[in-house]
file my_file.tsv (TSV, C-alpha atoms)
chain	number	residue	atom	x	y	z
A	1	MET	CA	223.18	156.36	53.76
A	2	LEU	CA	224.39	159.81	54.63
A	3	ILE	CA	225.76	160.39	58.07
A	4	LEU	CA	226.02	164.02	58.98
A	5	LEU	CA	228.35	164.81	61.85
A	6	LEU	CA	227.86	168.18	63.37
A	7	GLU	CA	230.24	169.92	65.69
A	8	HIS	CA	229.78	173.31	67.24
A	9	LEU	CA	226.33	173.65	65.76
A	10	SER	CA	225.10	177.24	65.64
A	11	HIS	CA	221.75	178.05	67.18
A	12	TYR	CA	219.23	176.08	65.19
A	13	THR	CA	215.77	177.44	65.07
A	14	GLY	CA	214.22	174.28	63.78
A	15	LEU	CA	210.50	174.07	63.21
A	16	GLY	CA	209.66	175.47	66.62
A	17	GLU	CA	209.91	179.07	65.51
A	18	ASN	CA	208.29	178.41	62.15
A	19	LYS	CA	205.33	176.28	63.15
A	20	VAL	CA	201.96	176.90	61.53
A	21	ALA	CA	199.51	178.81	63.77
A	22	ALA	CA	196.87	176.52	65.26
A	23	THR	CA	193.45	176.54	63.58
A	24	TYR	CA	191.50	175.55	66.69
A	25	GLU	CA	193.32	177.09	69.60
A	26	PRO	CA	192.54	177.48	73.29
A	27	ILE	CA	192.72	181.14	74.22
A	28	ALA	CA	192.02	180.99	77.94
A	29	THR	CA	190.52	178.77	80.62
A	30	THR	CA	189.02	179.72	83.95
A	31	THR	CA	188.25	177.16	86.65
A	32	LEU	CA	186.71	178.67	89.73
A	33	GLY	CA	188.48	177.89	92.97
A	34	SER	CA	185.57	179.43	94.85
A	35	ALA	CA	182.08	180.58	93.95
A	36	ALA	CA	181.89	183.65	91.77
A	37	SER	CA	179.19	185.78	90.28
A	38	SER	CA	180.82	186.02	86.88
A	39	ILE	CA	183.58	184.77	84.62
A	40	THR	CA	185.12	187.25	82.20
A	41	PHE	CA	187.35	186.89	79.16
A	42	SER	CA	188.78	190.24	78.23
A	43	SER	CA	191.22	191.71	75.72
A	44	ILE	CA	190.19	189.14	73.15
A	45	ALA	CA	192.37	189.68	70.11
A	46	SER	CA	190.82	189.94	66.66
A	47	THR	CA	193.18	187.25	65.40
A	48	TRP	CA	190.66	184.49	64.83
A	49	THR	CA	187.59	184.09	62.66
A	50	ASP	CA	185.11	182.58	65.12
A	51	LEU	CA	185.10	181.99	68.85
A	52	ARG	CA	183.86	178.95	70.71
A	53	LEU	CA	183.11	178.93	74.42
A	54	VAL	CA	182.53	175.83	76.53
A	55	LEU	CA	181.05	176.22	80.01
A	56	VAL	CA	180.62	173.29	82.38
A	57	GLY	CA	179.55	173.65	85.96
A	58	THR	CA	176.93	174.10	88.61
A	59	ASN	CA	175.36	176.98	90.48
A	60	VAL	CA	175.39	177.78	94.14
A	61	SER	CA	171.60	178.14	93.95
A	62	SER	CA	169.34	176.23	91.61
A	63	GLY	CA	166.73	177.68	89.34
A	64	TYR	CA	168.76	180.28	87.47
A	65	MET	CA	169.81	180.51	83.86
A	66	TRP	CA	173.28	181.16	82.50
A	67	ILE	CA	173.62	184.23	80.34
A	68	LEU	CA	176.43	186.14	78.69
A	69	ARG	CA	177.12	189.72	77.79
A	70	LEU	CA	179.41	191.01	75.10
A	71	ASN	CA	181.66	194.02	75.57
A	72	SER	CA	179.90	194.66	78.89
A	73	ASP	CA	176.75	195.66	77.03
A	74	SER	CA	173.78	195.33	79.39
A	75	SER	CA	171.35	197.27	77.21
A	76	SER	CA	168.42	195.69	75.41
A	77	ASN	CA	170.50	194.82	72.37
A	78	TYR	CA	170.05	191.08	72.51
A	79	SER	CA	167.37	188.69	71.32
A	80	ASN	CA	167.07	184.95	70.97
A	81	THR	CA	165.06	182.14	69.45
A	82	ARG	CA	165.24	178.76	71.13
A	83	LEU	CA	164.23	175.13	70.57
A	84	TYR	CA	163.96	172.86	73.57
A	85	GLY	CA	163.10	169.35	74.62
A	86	THR	CA	162.11	168.65	78.21
A	87	GLY	CA	161.85	164.89	78.00
A	88	ALA	CA	158.10	165.23	77.87
A	89	SER	CA	157.61	167.73	75.08
A	90	ALA	CA	159.33	169.91	72.54
A	91	GLY	CA	158.81	173.62	72.31
A	92	SER	CA	160.15	176.89	71.08
A	93	GLY	CA	160.31	180.40	72.40
A	94	ARG	CA	161.62	183.83	71.56
A	95	SER	CA	162.80	186.72	73.66
A	96	THR	CA	163.23	190.14	72.09
A	97	SER	CA	165.15	193.20	73.18
A	98	VAL	CA	166.58	191.58	76.27
A	99	THR	CA	169.70	192.56	78.17
A	100	SER	CA	171.83	189.45	77.60
A	101	ALA	CA	172.35	186.43	75.39
A	102	TRP	CA	170.78	183.27	76.79
A	103	ILE	CA	173.09	180.26	76.93
A	104	GLY	CA	171.88	178.09	79.78
A	105	ASP	CA	168.77	176.22	80.82
A	106	SER	CA	165.97	178.64	80.02
A	107	ASN	CA	163.59	176.29	81.81
A	108	LEU	CA	165.61	177.03	84.96
A	109	ASN	CA	166.78	173.52	85.75
A	110	ASN	CA	170.33	174.48	86.69
A	111	SER	CA	171.47	172.18	89.46
A	112	THR	CA	173.72	172.66	92.45
A	113	THR	CA	175.19	169.17	92.07
A	114	ILE	CA	174.87	167.94	88.47
A	115	PRO	CA	176.81	169.94	85.89
A	116	ASN	CA	175.16	171.78	83.08
A	117	LEU	CA	177.02	171.99	79.78
A	118	SER	CA	176.77	174.95	77.46
A	119	THR	CA	178.60	175.45	74.19
A	120	ILE	CA	178.53	178.78	72.40
A	121	ASP	CA	179.73	179.51	68.88
A	122	ILE	CA	180.26	183.17	68.02
A	123	PHE	CA	180.63	183.79	64.32
A	124	SER	CA	182.74	186.53	62.74
A	125	TYR	CA	183.15	188.07	66.17
A	126	ALA	CA	185.61	190.71	64.97
A	127	GLY	CA	183.60	191.75	61.94
A	128	SER	CA	181.53	194.86	61.38
A	129	THR	CA	178.08	193.27	61.12
A	130	TYR	CA	175.59	192.26	63.77
A	131	LYS	CA	176.73	189.21	65.73
A	132	THR	CA	174.87	185.91	65.65
A	133	LEU	CA	175.60	183.19	68.18
A	134	LEU	CA	174.60	179.52	68.11
A	135	SER	CA	174.56	177.73	71.44
A	136	THR	CA	173.42	174.53	73.10
A	137	SER	CA	172.53	173.86	76.70
A	138	SER	CA	172.42	170.35	78.10
A	139	THR	CA	171.02	169.53	81.54
A	140	ASP	CA	170.06	166.06	82.70
A	141	LEU	CA	169.13	165.57	86.32
A	142	ASN	CA	168.03	161.92	86.05
A	143	GLY	CA	164.32	162.49	86.16
A	144	SER	CA	164.21	165.96	84.69
A	145	GLY	CA	166.27	168.02	82.35
A	146	ASN	CA	166.37	169.99	79.15
A	147	VAL	CA	168.27	170.07	75.91
A	148	ILE	CA	168.11	173.45	74.24
A	149	GLY	CA	169.40	175.06	71.08
A	150	PHE	CA	169.60	178.83	70.95
A	151	VAL	CA	170.32	181.38	68.30
A	152	ASN	CA	171.18	184.73	69.85
A	153	LEU	CA	171.57	188.07	68.08
A	154	TRP	CA	173.60	190.95	69.46
A	155	ARG	CA	172.64	194.06	67.57
A	156	SER	CA	176.05	195.66	67.54
A	157	THR	CA	178.60	196.07	64.79
A	158	SER	CA	181.50	196.31	67.24
A	159	ALA	CA	184.19	193.69	67.38
A	160	ILE	CA	183.86	191.52	70.46
A	161	THR	CA	186.71	192.02	72.89
A	162	THR	CA	185.09	190.97	76.18
A	163	ILE	CA	182.75	188.13	77.10
A	164	THR	CA	181.18	187.98	80.55
A	165	LEU	CA	179.37	184.88	81.79
A	166	LEU	CA	176.71	185.37	84.46
A	167	ASN	CA	173.55	184.03	85.96
A	168	ASP	CA	170.33	185.87	85.28
A	169	GLY	CA	169.61	186.32	88.95
A	170	ALA	CA	171.08	186.20	92.40
A	171	SER	CA	173.14	183.05	92.03
A	172	ASN	CA	176.84	182.45	91.72
A	173	PHE	CA	178.71	179.89	89.69
A	174	ALA	CA	179.93	177.19	92.07
A	175	ALA	CA	183.55	176.34	92.67
A	176	GLY	CA	184.82	173.95	90.03
A	177	THR	CA	182.88	175.58	87.21
A	178	THR	CA	185.10	175.76	84.14
A	179	ALA	CA	184.89	178.03	81.12
A	180	THR	CA	187.22	177.65	78.14
A	181	LEU	CA	187.46	180.05	75.22
A	182	TYR	CA	188.74	178.81	71.86
A	183	GLY	CA	189.63	180.66	68.70
A	184	LEU	CA	189.02	179.20	65.26
A	185	LYS	CA	191.12	180.61	62.46
A	186	SER	CA	190.17	180.15	58.85
A	187	ALA	CA	192.54	180.35	55.93
B	1	MET	CA	228.14	155.31	52.35
B	2	ALA	CA	229.08	159.00	52.37
B	3	VAL	CA	230.18	160.67	55.56
B	4	THR	CA	230.19	164.43	55.84
B	5	LYS	CA	231.80	166.18	58.71
B	6	LEU	CA	231.02	169.82	59.47
B	7	THR	CA	233.93	171.49	61.16
B	8	MET	CA	234.68	174.93	62.51
B	9	SER	CA	236.11	175.96	59.20
B	10	GLY	CA	234.07	178.89	57.87
B	11	PHE	CA	232.34	179.68	61.18
B	12	THR	CA	232.82	183.11	62.66
B	13	ALA	CA	234.38	183.44	66.06
B	14	GLY	CA	232.00	183.26	68.95
B	15	SER	CA	230.28	180.86	71.26
B	16	TYR	CA	227.85	178.28	69.99
B	17	THR	CA	225.35	176.15	71.75
B	18	LYS	CA	225.44	172.49	71.04
B	19	TYR	CA	222.10	170.66	71.09
B	20	ASP	CA	221.64	166.95	71.16
B	21	ASP	CA	218.60	167.01	68.88
B	22	PHE	CA	217.31	169.03	65.99
B	23	LEU	CA	214.64	170.77	68.05
B	24	ALA	CA	217.48	172.86	69.41
B	25	GLY	CA	215.51	173.79	72.50
B	26	ASN	CA	212.29	174.55	70.62
B	27	SER	CA	208.92	172.84	71.17
B	28	ALA	CA	208.05	170.01	68.87
B	29	TYR	CA	205.61	170.89	66.12
B	30	ILE	CA	202.51	168.75	66.33
B	31	PRO	CA	200.27	169.08	63.27
B	32	SER	CA	196.71	170.01	64.11
B	33	SER	CA	193.88	167.56	63.56
B	34	PHE	CA	191.54	170.46	62.77
B	35	GLU	CA	192.92	172.35	59.79
B	36	SER	CA	191.67	175.29	57.82
B	37	ILE	CA	191.43	174.38	54.13
B	38	ALA	CA	189.96	177.50	52.56
B	39	THR	CA	187.74	180.52	53.14
B	40	ALA	CA	185.30	182.03	50.66
B	41	THR	CA	183.67	185.41	51.05
B	42	GLY	CA	180.84	187.09	49.22
B	43	THR	CA	181.47	189.74	46.62
B	44	GLY	CA	178.11	191.47	46.61
B	45	SER	CA	177.62	190.60	42.96
B	46	SER	CA	177.16	186.85	42.96
B	47	GLY	CA	174.79	184.36	44.49
B	48	THR	CA	177.23	181.48	44.16
B	49	ILE	CA	180.16	180.48	46.34
B	50	THR	CA	182.04	177.26	45.62
B	51	PHE	CA	184.78	175.25	47.29
B	52	SER	CA	186.42	173.09	44.68
B	53	GLY	CA	189.36	170.73	44.59
B	54	ILE	CA	188.68	169.56	48.15
B	55	PRO	CA	191.38	166.99	48.97
B	56	SER	CA	190.37	163.56	50.14
B	57	THR	CA	193.06	163.46	52.79
B	58	TYR	CA	190.86	164.32	55.77
B	59	LYS	CA	188.41	162.16	57.64
B	60	HIS	CA	185.63	164.75	58.00
B	61	LEU	CA	184.85	168.26	56.85
B	62	GLN	CA	183.26	171.15	58.68
B	63	ILE	CA	181.99	174.39	57.15
B	64	ARG	CA	181.17	177.37	59.32
B	65	GLY	CA	179.14	180.04	57.59
B	66	THR	CA	178.07	183.61	58.35
B	67	ILE	CA	175.61	184.62	55.66
B	68	LEU	CA	174.22	187.97	54.58
B	69	LEU	CA	172.37	188.60	51.34
B	70	SER	CA	171.88	191.72	49.25
B	71	SER	CA	168.12	191.24	49.58
B	72	ALA	CA	165.69	188.69	50.98
B	73	GLY	CA	166.47	185.35	49.45
B	74	SER	CA	167.00	181.65	49.70
B	75	ILE	CA	170.23	179.92	50.74
B	76	THR	CA	170.93	176.38	49.59
B	77	PHE	CA	173.89	174.08	49.06
B	78	THR	CA	174.89	171.12	46.94
B	79	TRP	CA	178.02	169.09	46.39
B	80	ASN	CA	179.87	167.70	43.41
B	81	GLY	CA	177.49	169.57	41.12
B	82	LEU	CA	174.73	167.11	41.94
B	83	SER	CA	171.26	168.50	41.29
B	84	SER	CA	169.06	165.57	42.28
B	85	ASN	CA	168.59	162.80	44.84
B	86	TYR	CA	168.95	164.93	47.96
B	87	ALA	CA	166.81	164.44	51.04
B	88	GLN	CA	166.61	166.45	54.24
B	89	HIS	CA	164.91	166.33	57.63
B	90	SER	CA	164.82	169.02	60.24
B	91	LEU	CA	163.76	169.88	63.78
B	92	ARG	CA	162.94	173.56	64.00
B	93	GLY	CA	162.09	176.17	66.57
B	94	SER	CA	160.35	179.22	65.19
B	95	GLY	CA	160.04	181.08	68.45
B	96	THR	CA	156.42	180.10	68.82
B	97	ALA	CA	156.44	176.36	68.11
B	98	ALA	CA	158.71	173.38	67.59
B	99	SER	CA	158.14	171.48	64.38
B	100	ALA	CA	159.66	168.77	62.23
B	101	SER	CA	159.74	168.39	58.49
B	102	GLY	CA	161.24	166.22	55.81
B	103	SER	CA	161.42	165.99	52.07
B	104	THR	CA	163.01	163.76	49.45
B	105	ALA	CA	163.87	163.88	45.76
B	106	ARG	CA	165.30	167.34	46.16
B	107	SER	CA	167.62	169.27	43.89
B	108	SER	CA	169.53	170.87	46.80
B	109	LEU	CA	169.59	171.20	50.58
B	110	ASP	CA	168.43	174.21	52.56
B	111	ILE	CA	170.24	176.50	54.91
B	112	ASN	CA	167.36	178.88	55.45
B	113	LEU	CA	164.65	176.46	56.46
B	114	GLY	CA	162.39	179.26	57.64
B	115	GLY	CA	162.73	182.94	56.95
B	116	ALA	CA	164.68	184.40	54.08
B	117	GLY	CA	168.27	185.44	54.39
B	118	GLU	CA	168.83	189.17	54.48
B	119	SER	CA	171.37	191.96	54.67
B	120	THR	CA	171.43	192.88	58.37
B	121	ASN	CA	170.92	189.90	60.66
B	122	PRO	CA	173.32	187.10	59.75
B	123	TYR	CA	172.23	183.52	59.18
B	124	VAL	CA	174.83	181.20	60.71
B	125	SER	CA	175.41	177.56	59.99
B	126	ILE	CA	177.72	174.77	61.06
B	127	LEU	CA	177.81	171.92	58.54
B	128	ASP	CA	179.49	168.62	59.33
B	129	PHE	CA	180.28	166.15	56.57
B	130	HIS	CA	181.43	162.89	58.14
B	131	ASP	CA	183.40	160.39	56.05
B	132	TYR	CA	183.05	162.71	53.06
B	133	ALA	CA	185.73	160.88	51.08
B	134	ASP	CA	184.55	157.34	51.76
B	135	THR	CA	183.26	156.02	48.45
B	136	SER	CA	181.46	153.11	50.11
B	137	LYS	CA	179.07	155.41	51.97
B	138	THR	CA	176.11	157.57	51.10
B	139	LYS	CA	176.99	161.11	52.00
B	140	VAL	CA	175.20	162.58	54.99
B	141	VAL	CA	175.52	166.09	56.38
B	142	ARG	CA	174.49	167.45	59.76
B	143	GLN	CA	173.63	171.11	60.18
B	144	PHE	CA	173.05	173.34	63.21
B	145	LEU	CA	171.74	176.66	62.01
B	146	GLY	CA	169.92	179.76	63.05
B	147	TYR	CA	169.09	183.38	62.65
B	148	ASP	CA	167.38	185.94	64.81
B	149	LYS	CA	165.83	189.22	63.78
B	150	ASN	CA	164.69	190.39	67.20
B	151	ALA	CA	161.02	191.27	67.02
B	152	THR	CA	160.55	190.30	63.41
B	153	GLY	CA	161.40	186.64	63.64
B	154	GLY	CA	164.00	183.95	63.94
B	155	GLU	CA	164.63	180.24	63.77
B	156	VAL	CA	167.02	177.73	65.27
B	157	ALA	CA	167.18	174.25	63.78
B	158	LEU	CA	168.93	170.95	63.46
B	159	MET	CA	168.96	169.46	59.98
B	160	SER	CA	170.21	166.28	58.42
B	161	GLY	CA	170.70	165.94	54.69
B	162	MET	CA	171.93	163.32	52.30
B	163	ASN	CA	172.54	162.39	48.70
B	164	THR	CA	172.46	158.84	47.40
B	165	ASN	CA	175.61	159.39	45.36
B	166	THR	CA	178.62	157.77	47.06
B	167	SER	CA	181.38	159.69	45.32
B	168	ALA	CA	183.88	161.46	47.50
B	169	ILE	CA	182.93	165.10	48.00
B	170	SER	CA	185.37	167.27	46.08
B	171	SER	CA	183.33	170.44	45.70
B	172	ILE	CA	180.60	172.19	47.70
B	173	THR	CA	178.51	175.04	46.31
B	174	PHE	CA	176.37	177.56	48.17
B	175	SER	CA	173.69	179.32	46.19
B	176	SER	CA	171.16	182.09	46.62
B	177	ASN	CA	168.64	183.83	44.42
B	178	ALA	CA	170.09	187.04	45.88
B	179	ASN	CA	173.77	187.99	46.09
B	180	PHE	CA	176.07	187.07	48.96
B	181	THR	CA	177.32	190.33	50.43
B	182	THR	CA	180.90	190.96	51.49
B	183	GLY	CA	179.78	190.20	55.03
B	184	THR	CA	179.28	186.59	54.01
B	185	SER	CA	181.99	184.07	54.72
B	186	PHE	CA	182.20	180.31	54.54
B	187	ALA	CA	185.20	178.65	56.18
B	188	LEU	CA	186.07	175.07	55.21
B	189	TYR	CA	187.95	172.95	57.75
B	190	GLY	CA	189.36	169.45	57.49
B	191	ILE	CA	189.40	167.08	60.44
B	192	ARG	CA	191.95	164.33	60.44
B	193	GLY	CA	191.36	160.88	61.83
B	194	GLU	CA	193.86	158.32	63.07

call {"tool": "encode", "arguments": {"input": "my_file.tsv", "output": "structure tokens"}}
result
Amino acid sequence: MLILLLEHLSHYTGLGENKVAATYEPIATTTLGSAASSITFSSIASTWTDLRLVLVGTNVSSGYMWILRLNSDSSSNYSNTRLYGTGASAGSGRSTSVTSAWIGDSNLNNSTTIPNLSTIDIFSYAGSTYKTLLSTSSTDLNGSGNVIGFVNLWRSTSAITTITLLNDGASNFAAGTTATLYGLKSA
Amino acid sequence: MAVTKLTMSGFTAGSYTKYDDFLAGNSAYIPSSFESIATATGTGSSGTITFSGIPSTYKHLQIRGTILLSSAGSITFTWNGLSSNYAQHSLRGSGTAASASGSTARSSLDINLGGAGESTNPYVSILDFHDYADTSKTKVVRQFLGYDKNATGGEVALMSGMNTNTSAISSITFSSNANFTTGTSFALYGIRGE
């Protein structure tokens, strides 16, 4: 057994300054203290490979769908294909040349009391090709609801530096709505 | 038992901070449960991308893929070089209808269930291999995938696939009858369990 006695130890950096960068890392979280029309993540560094966004919350008014815009682009550069189950039937739809990516309940079941959950995966967000997003929306209102899978396309080759979450109409996110942005870094 | 004492001899003059632990005021390093193992990108001249030598030290694997091809083509995957005994089932949305399909006795599993991969609008896929190293279990994979080409088509789907072989997965190969462009990347992650 070796006993090492240290006196007057110089500043020891230890592992803290040499730790491996996290692979799945929270970048930012916003929890609304009061209702707001949008939630924005800006100045997103190009450090990671993919982004993942988790949005949980309610709306001030029901009957609106959550959407997102990238780099503040509100032109008709988005499109989506979706697969949904309503509890009574399954269906699919497509929207072309629209002004946002669809991430919420496209059957407009957003509630003012029961949270909706949306997860959005943005692949190769800092690359120079068009951007494809995979997302899910889950709404269950105990008697109605929808589960939806979306694939969204943003026809831009720009790196994504800003993500803005919105409703598609005149509704605000309610207080308590939380959005968390994660970065995933590959080797 | 050897005892070593470090004294001031050899230290330069100055003030030093004494810490009571080896962290020395730094945060503890906590290894991640979600680790990047490897990334493979397309070259533009090959329709094959392989992860090999996958360690068995994780509990689950996840692959996240962004896929572009040099021309319209198929995108499939296999593991451990197996070319038979795959089965897959899927729930698909084409933009006009929801549908389900299944097939057995396959030589590979599909990524592009619907339209062909191409050079402009990326196919994306998240593949989850649970208990990939457990040799007592048939290997099952879950996939969430999609592509959208605006007015010319798109598909979003959930897919499950399996192979009856119970060997631990040590290699995974993606294949196309076109070439994977340099805009293609597959990232392999390992997820640790308790």

call {"tool": "interface_residues", "arguments": {"input": "my_file.tsv", "of": "chain B", "to": "chain A", "cutoff": "8 Å", "atoms": "all atoms listed in the file", "output": "MDAnalysis selection string"}}
result
chainID B and resid 1:8 16:19 22:24 26:29 32 34:39 65:66 92:98 120:124 145:151 154:157 183 187:189

call {"tool": "residues_around", "arguments": {"input": "my_file.tsv", "residues": "stretch 170-173 of chain B", "least_positions_apart": "5", "cutoff": "6 Å", "atoms": "only C-alpha atoms", "output": "PDB file with C-alpha atoms, keeping the file's coordinate frame"}}
result
ATOM      1  CA  ILE B  49     180.160 180.480  46.340  1.00  0.00           C
ATOM      2  CA  THR B  50     182.040 177.260  45.620  1.00  0.00           C
ATOM      3  CA  PHE B  51     184.780 175.250  47.290  1.00  0.00           C
ATOM      4  CA  SER B  52     186.420 173.090  44.680  1.00  0.00           C
ATOM      5  CA  GLY B  53     189.360 170.730  44.590  1.00  0.00           C
ATOM      6  CA  ILE B  54     188.680 169.560  48.150  1.00  0.00           C
ATOM      7  CA  PHE B  77     173.890 174.080  49.060  1.00  0.00           C
ATOM      8  CA  THR B  78     174.890 171.120  46.940  1.00  0.00           C
ATOM      9  CA  TRP B  79     178.020 169.090  46.390  1.00  0.00           C
ATOM     10  CA  ASN B  80     179.870 167.700  43.410  1.00  0.00           C
TER      11      ASN B  80
END

call {"tool": "closest_residue", "arguments": {"input": "my_file.tsv", "among": "A:Ile114, A:Leu141, A:Leu55, A:Ile67", "to": "A:Thr86", "atoms": "all atoms listed in the file"}}
result
A:Leu141

call {"tool": "residues_near_point", "arguments": {"input": "my_file.tsv", "point": "(175.7, 181.5, 87.7)", "cutoff": "7 Å", "atoms": "all atoms listed in the file", "output": "list in words"}}
result
Ser37, Ser38, Asn59, Trp66, Leu166, Asn167, Ser171, Asn172 and Phe173 of chain A

call {"tool": "atom_distance", "arguments": {"input": "my_file.tsv", "atom1": "atom CA of A:Asn107", "atom2": "atom CA of A:Ser42"}}
result
29.0 Å

call {"tool": "atom_distance", "arguments": {"input": "my_file.tsv", "atom1": "atom CA of B:Ser160", "atom2": "atom CA of B:Val140"}}
result
7.1 Å

call {"tool": "residues_around", "arguments": {"input": "my_file.tsv", "residues": "B:Leu82", "least_positions_apart": "2", "cutoff": "9 Å", "atoms": "all atoms listed in the file", "output": "list of chain:residue names"}}
result
B:Thr78, B:Trp79, B:Asn80, B:Ser84, B:Asn85, B:Tyr86, B:Ser107, B:Ser108, B:Asn163, B:Asn165

call {"tool": "atom_distance", "arguments": {"input": "my_file.tsv", "atom1": "atom CA of B:Ser71", "atom2": "atom CA of B:Thr41"}}
result
16.7 Å

call {"tool": "residues_near_point", "arguments": {"input": "my_file.tsv", "point": "(177.3, 190.1, 43.8)", "cutoff": "10 Å", "atoms": "only C-alpha atoms", "output": "PDB file with C-alpha atoms, in the coordinates of the input"}}
result
ATOM      1  CA  GLY B  42     180.840 187.090  49.220  1.00  0.00           C
ATOM      2  CA  THR B  43     181.470 189.740  46.620  1.00  0.00           C
ATOM      3  CA  GLY B  44     178.110 191.470  46.610  1.00  0.00           C
ATOM      4  CA  SER B  45     177.620 190.600  42.960  1.00  0.00           C
ATOM      5  CA  SER B  46     177.160 186.850  42.960  1.00  0.00           C
ATOM      6  CA  GLY B  47     174.790 184.360  44.490  1.00  0.00           C
ATOM      7  CA  THR B  48     177.230 181.480  44.160  1.00  0.00           C
ATOM      8  CA  LEU B  69     172.370 188.600  51.340  1.00  0.00           C
ATOM      9  CA  SER B  70     171.880 191.720  49.250  1.00  0.00           C
ATOM     10  CA  ALA B 178     170.090 187.040  45.880  1.00  0.00           C
ATOM     11  CA  ASN B 179     173.770 187.990  46.090  1.00  0.00           C
ATOM     12  CA  PHE B 180     176.070 187.070  48.960  1.00  0.00           C
ATOM     13  CA  THR B 181     177.320 190.330  50.430  1.00  0.00           C
ATOM     14  CA  THR B 182     180.900 190.960  51.490  1.00  0.00           C
TER      15      THR B 182
END

call {"tool": "residues_around", "arguments": {"input": "my_file.tsv", "residues": "B:Leu61", "least_positions_apart": "4", "cutoff": "9 Å", "atoms": "all atoms listed in the file", "output": "PDB file with C-alpha atoms, in the coordinates of the input"}}
result
ATOM      1  CA  LEU B 127     177.810 171.920  58.540  1.00  0.00           C
ATOM      2  CA  ASP B 128     179.490 168.620  59.330  1.00  0.00           C
ATOM      3  CA  PHE B 129     180.280 166.150  56.570  1.00  0.00           C
ATOM      4  CA  HIS B 130     181.430 162.890  58.140  1.00  0.00           C
ATOM      5  CA  ASP B 131     183.400 160.390  56.050  1.00  0.00           C
ATOM      6  CA  TYR B 132     183.050 162.710  53.060  1.00  0.00           C
ATOM      7  CA  LEU B 188     186.070 175.070  55.210  1.00  0.00           C
ATOM      8  CA  TYR B 189     187.950 172.950  57.750  1.00  0.00           C
ATOM      9  CA  GLY B 190     189.360 169.450  57.490  1.00  0.00           C
ATOM     10  CA  ILE B 191     189.400 167.080  60.440  1.00  0.00           C
ATOM     11  CA  ARG B 192     191.950 164.330  60.440  1.00  0.00           C
TER      12      ARG B 192
END

call {"tool": "residues_around", "arguments": {"input": "my_file.tsv", "residues": "B:Ser101", "least_positions_apart": "5", "cutoff": "12 Å", "atoms": "only C-alpha atoms", "output": "PDB file with C-alpha atoms, in the coordinates of the input"}}
result
ATOM      1  CA  ALA B  87     166.810 164.440  51.040  1.00  0.00           C
ATOM      2  CA  GLN B  88     166.610 166.450  54.240  1.00  0.00           C
ATOM      3  CA  HIS B  89     164.910 166.330  57.630  1.00  0.00           C
ATOM      4  CA  SER B  90     164.820 169.020  60.240  1.00  0.00           C
ATOM      5  CA  LEU B  91     163.760 169.880  63.780  1.00  0.00           C
ATOM      6  CA  ARG B  92     162.940 173.560  64.000  1.00  0.00           C
ATOM      7  CA  GLY B  93     162.090 176.170  66.570  1.00  0.00           C
ATOM      8  CA  LEU B 113     164.650 176.460  56.460  1.00  0.00           C
ATOM      9  CA  GLY B 114     162.390 179.260  57.640  1.00  0.00           C
ATOM     10  CA  ALA B 157     167.180 174.250  63.780  1.00  0.00           C
ATOM     11  CA  LEU B 158     168.930 170.950  63.460  1.00  0.00           C
ATOM     12  CA  MET B 159     168.960 169.460  59.980  1.00  0.00           C
ATOM     13  CA  SER B 160     170.210 166.280  58.420  1.00  0.00           C
ATOM     14  CA  GLY B 161     170.700 165.940  54.690  1.00  0.00           C
TER      15      GLY B 161
END

call {"tool": "decode", "arguments": {"input": "my_file.tsv", "residues": "stretch 105-135 of chain A", "atoms": "C-alpha atoms", "output": "tab-separated table (two decimals), in the first residue's frame"}}
result
chain	number	residue	atom	x	y	z
A	105	ASP	CA	-51.31	18.76	-33.20
A	106	SER	CA	-52.25	19.32	-36.83
A	107	ASN	CA	-55.77	18.20	-35.97
A	108	LEU	CA	-55.93	21.26	-33.69
A	109	ASN	CA	-56.52	19.51	-30.40
A	110	ASN	CA	-54.14	21.66	-28.36
A	111	SER	CA	-55.60	22.06	-24.90
A	112	THR	CA	-55.56	24.89	-22.40
A	113	THR	CA	-55.23	22.47	-19.48
A	114	ILE	CA	-53.67	19.18	-20.61
A	115	PRO	CA	-50.10	19.43	-21.89
A	116	ASN	CA	-49.13	18.54	-25.40
A	117	LEU	CA	-45.71	17.01	-25.95
A	118	SER	CA	-43.66	17.60	-29.07
A	119	THR	CA	-40.20	16.28	-29.80
A	120	ILE	CA	-38.24	17.52	-32.78
A	121	ASP	CA	-35.02	16.07	-34.17
A	122	ILE	CA	-33.07	18.29	-36.55
A	123	PHE	CA	-30.40	16.43	-38.47
A	124	SER	CA	-27.10	17.91	-39.63
A	125	TYR	CA	-28.41	21.34	-38.73
A	126	ALA	CA	-25.09	23.07	-39.44
A	127	GLY	CA	-24.49	21.38	-42.77
A	128	SER	CA	-24.83	22.76	-46.26
A	129	THR	CA	-27.70	20.62	-47.51
A	130	TYR	CA	-31.45	21.00	-47.16
A	131	LYS	CA	-32.63	20.34	-43.61
A	132	THR	CA	-34.92	17.44	-42.72
A	133	LEU	CA	-36.65	17.28	-39.36
A	134	LEU	CA	-38.40	14.34	-37.71
A	135	SER	CA	-40.93	15.18	-35.03
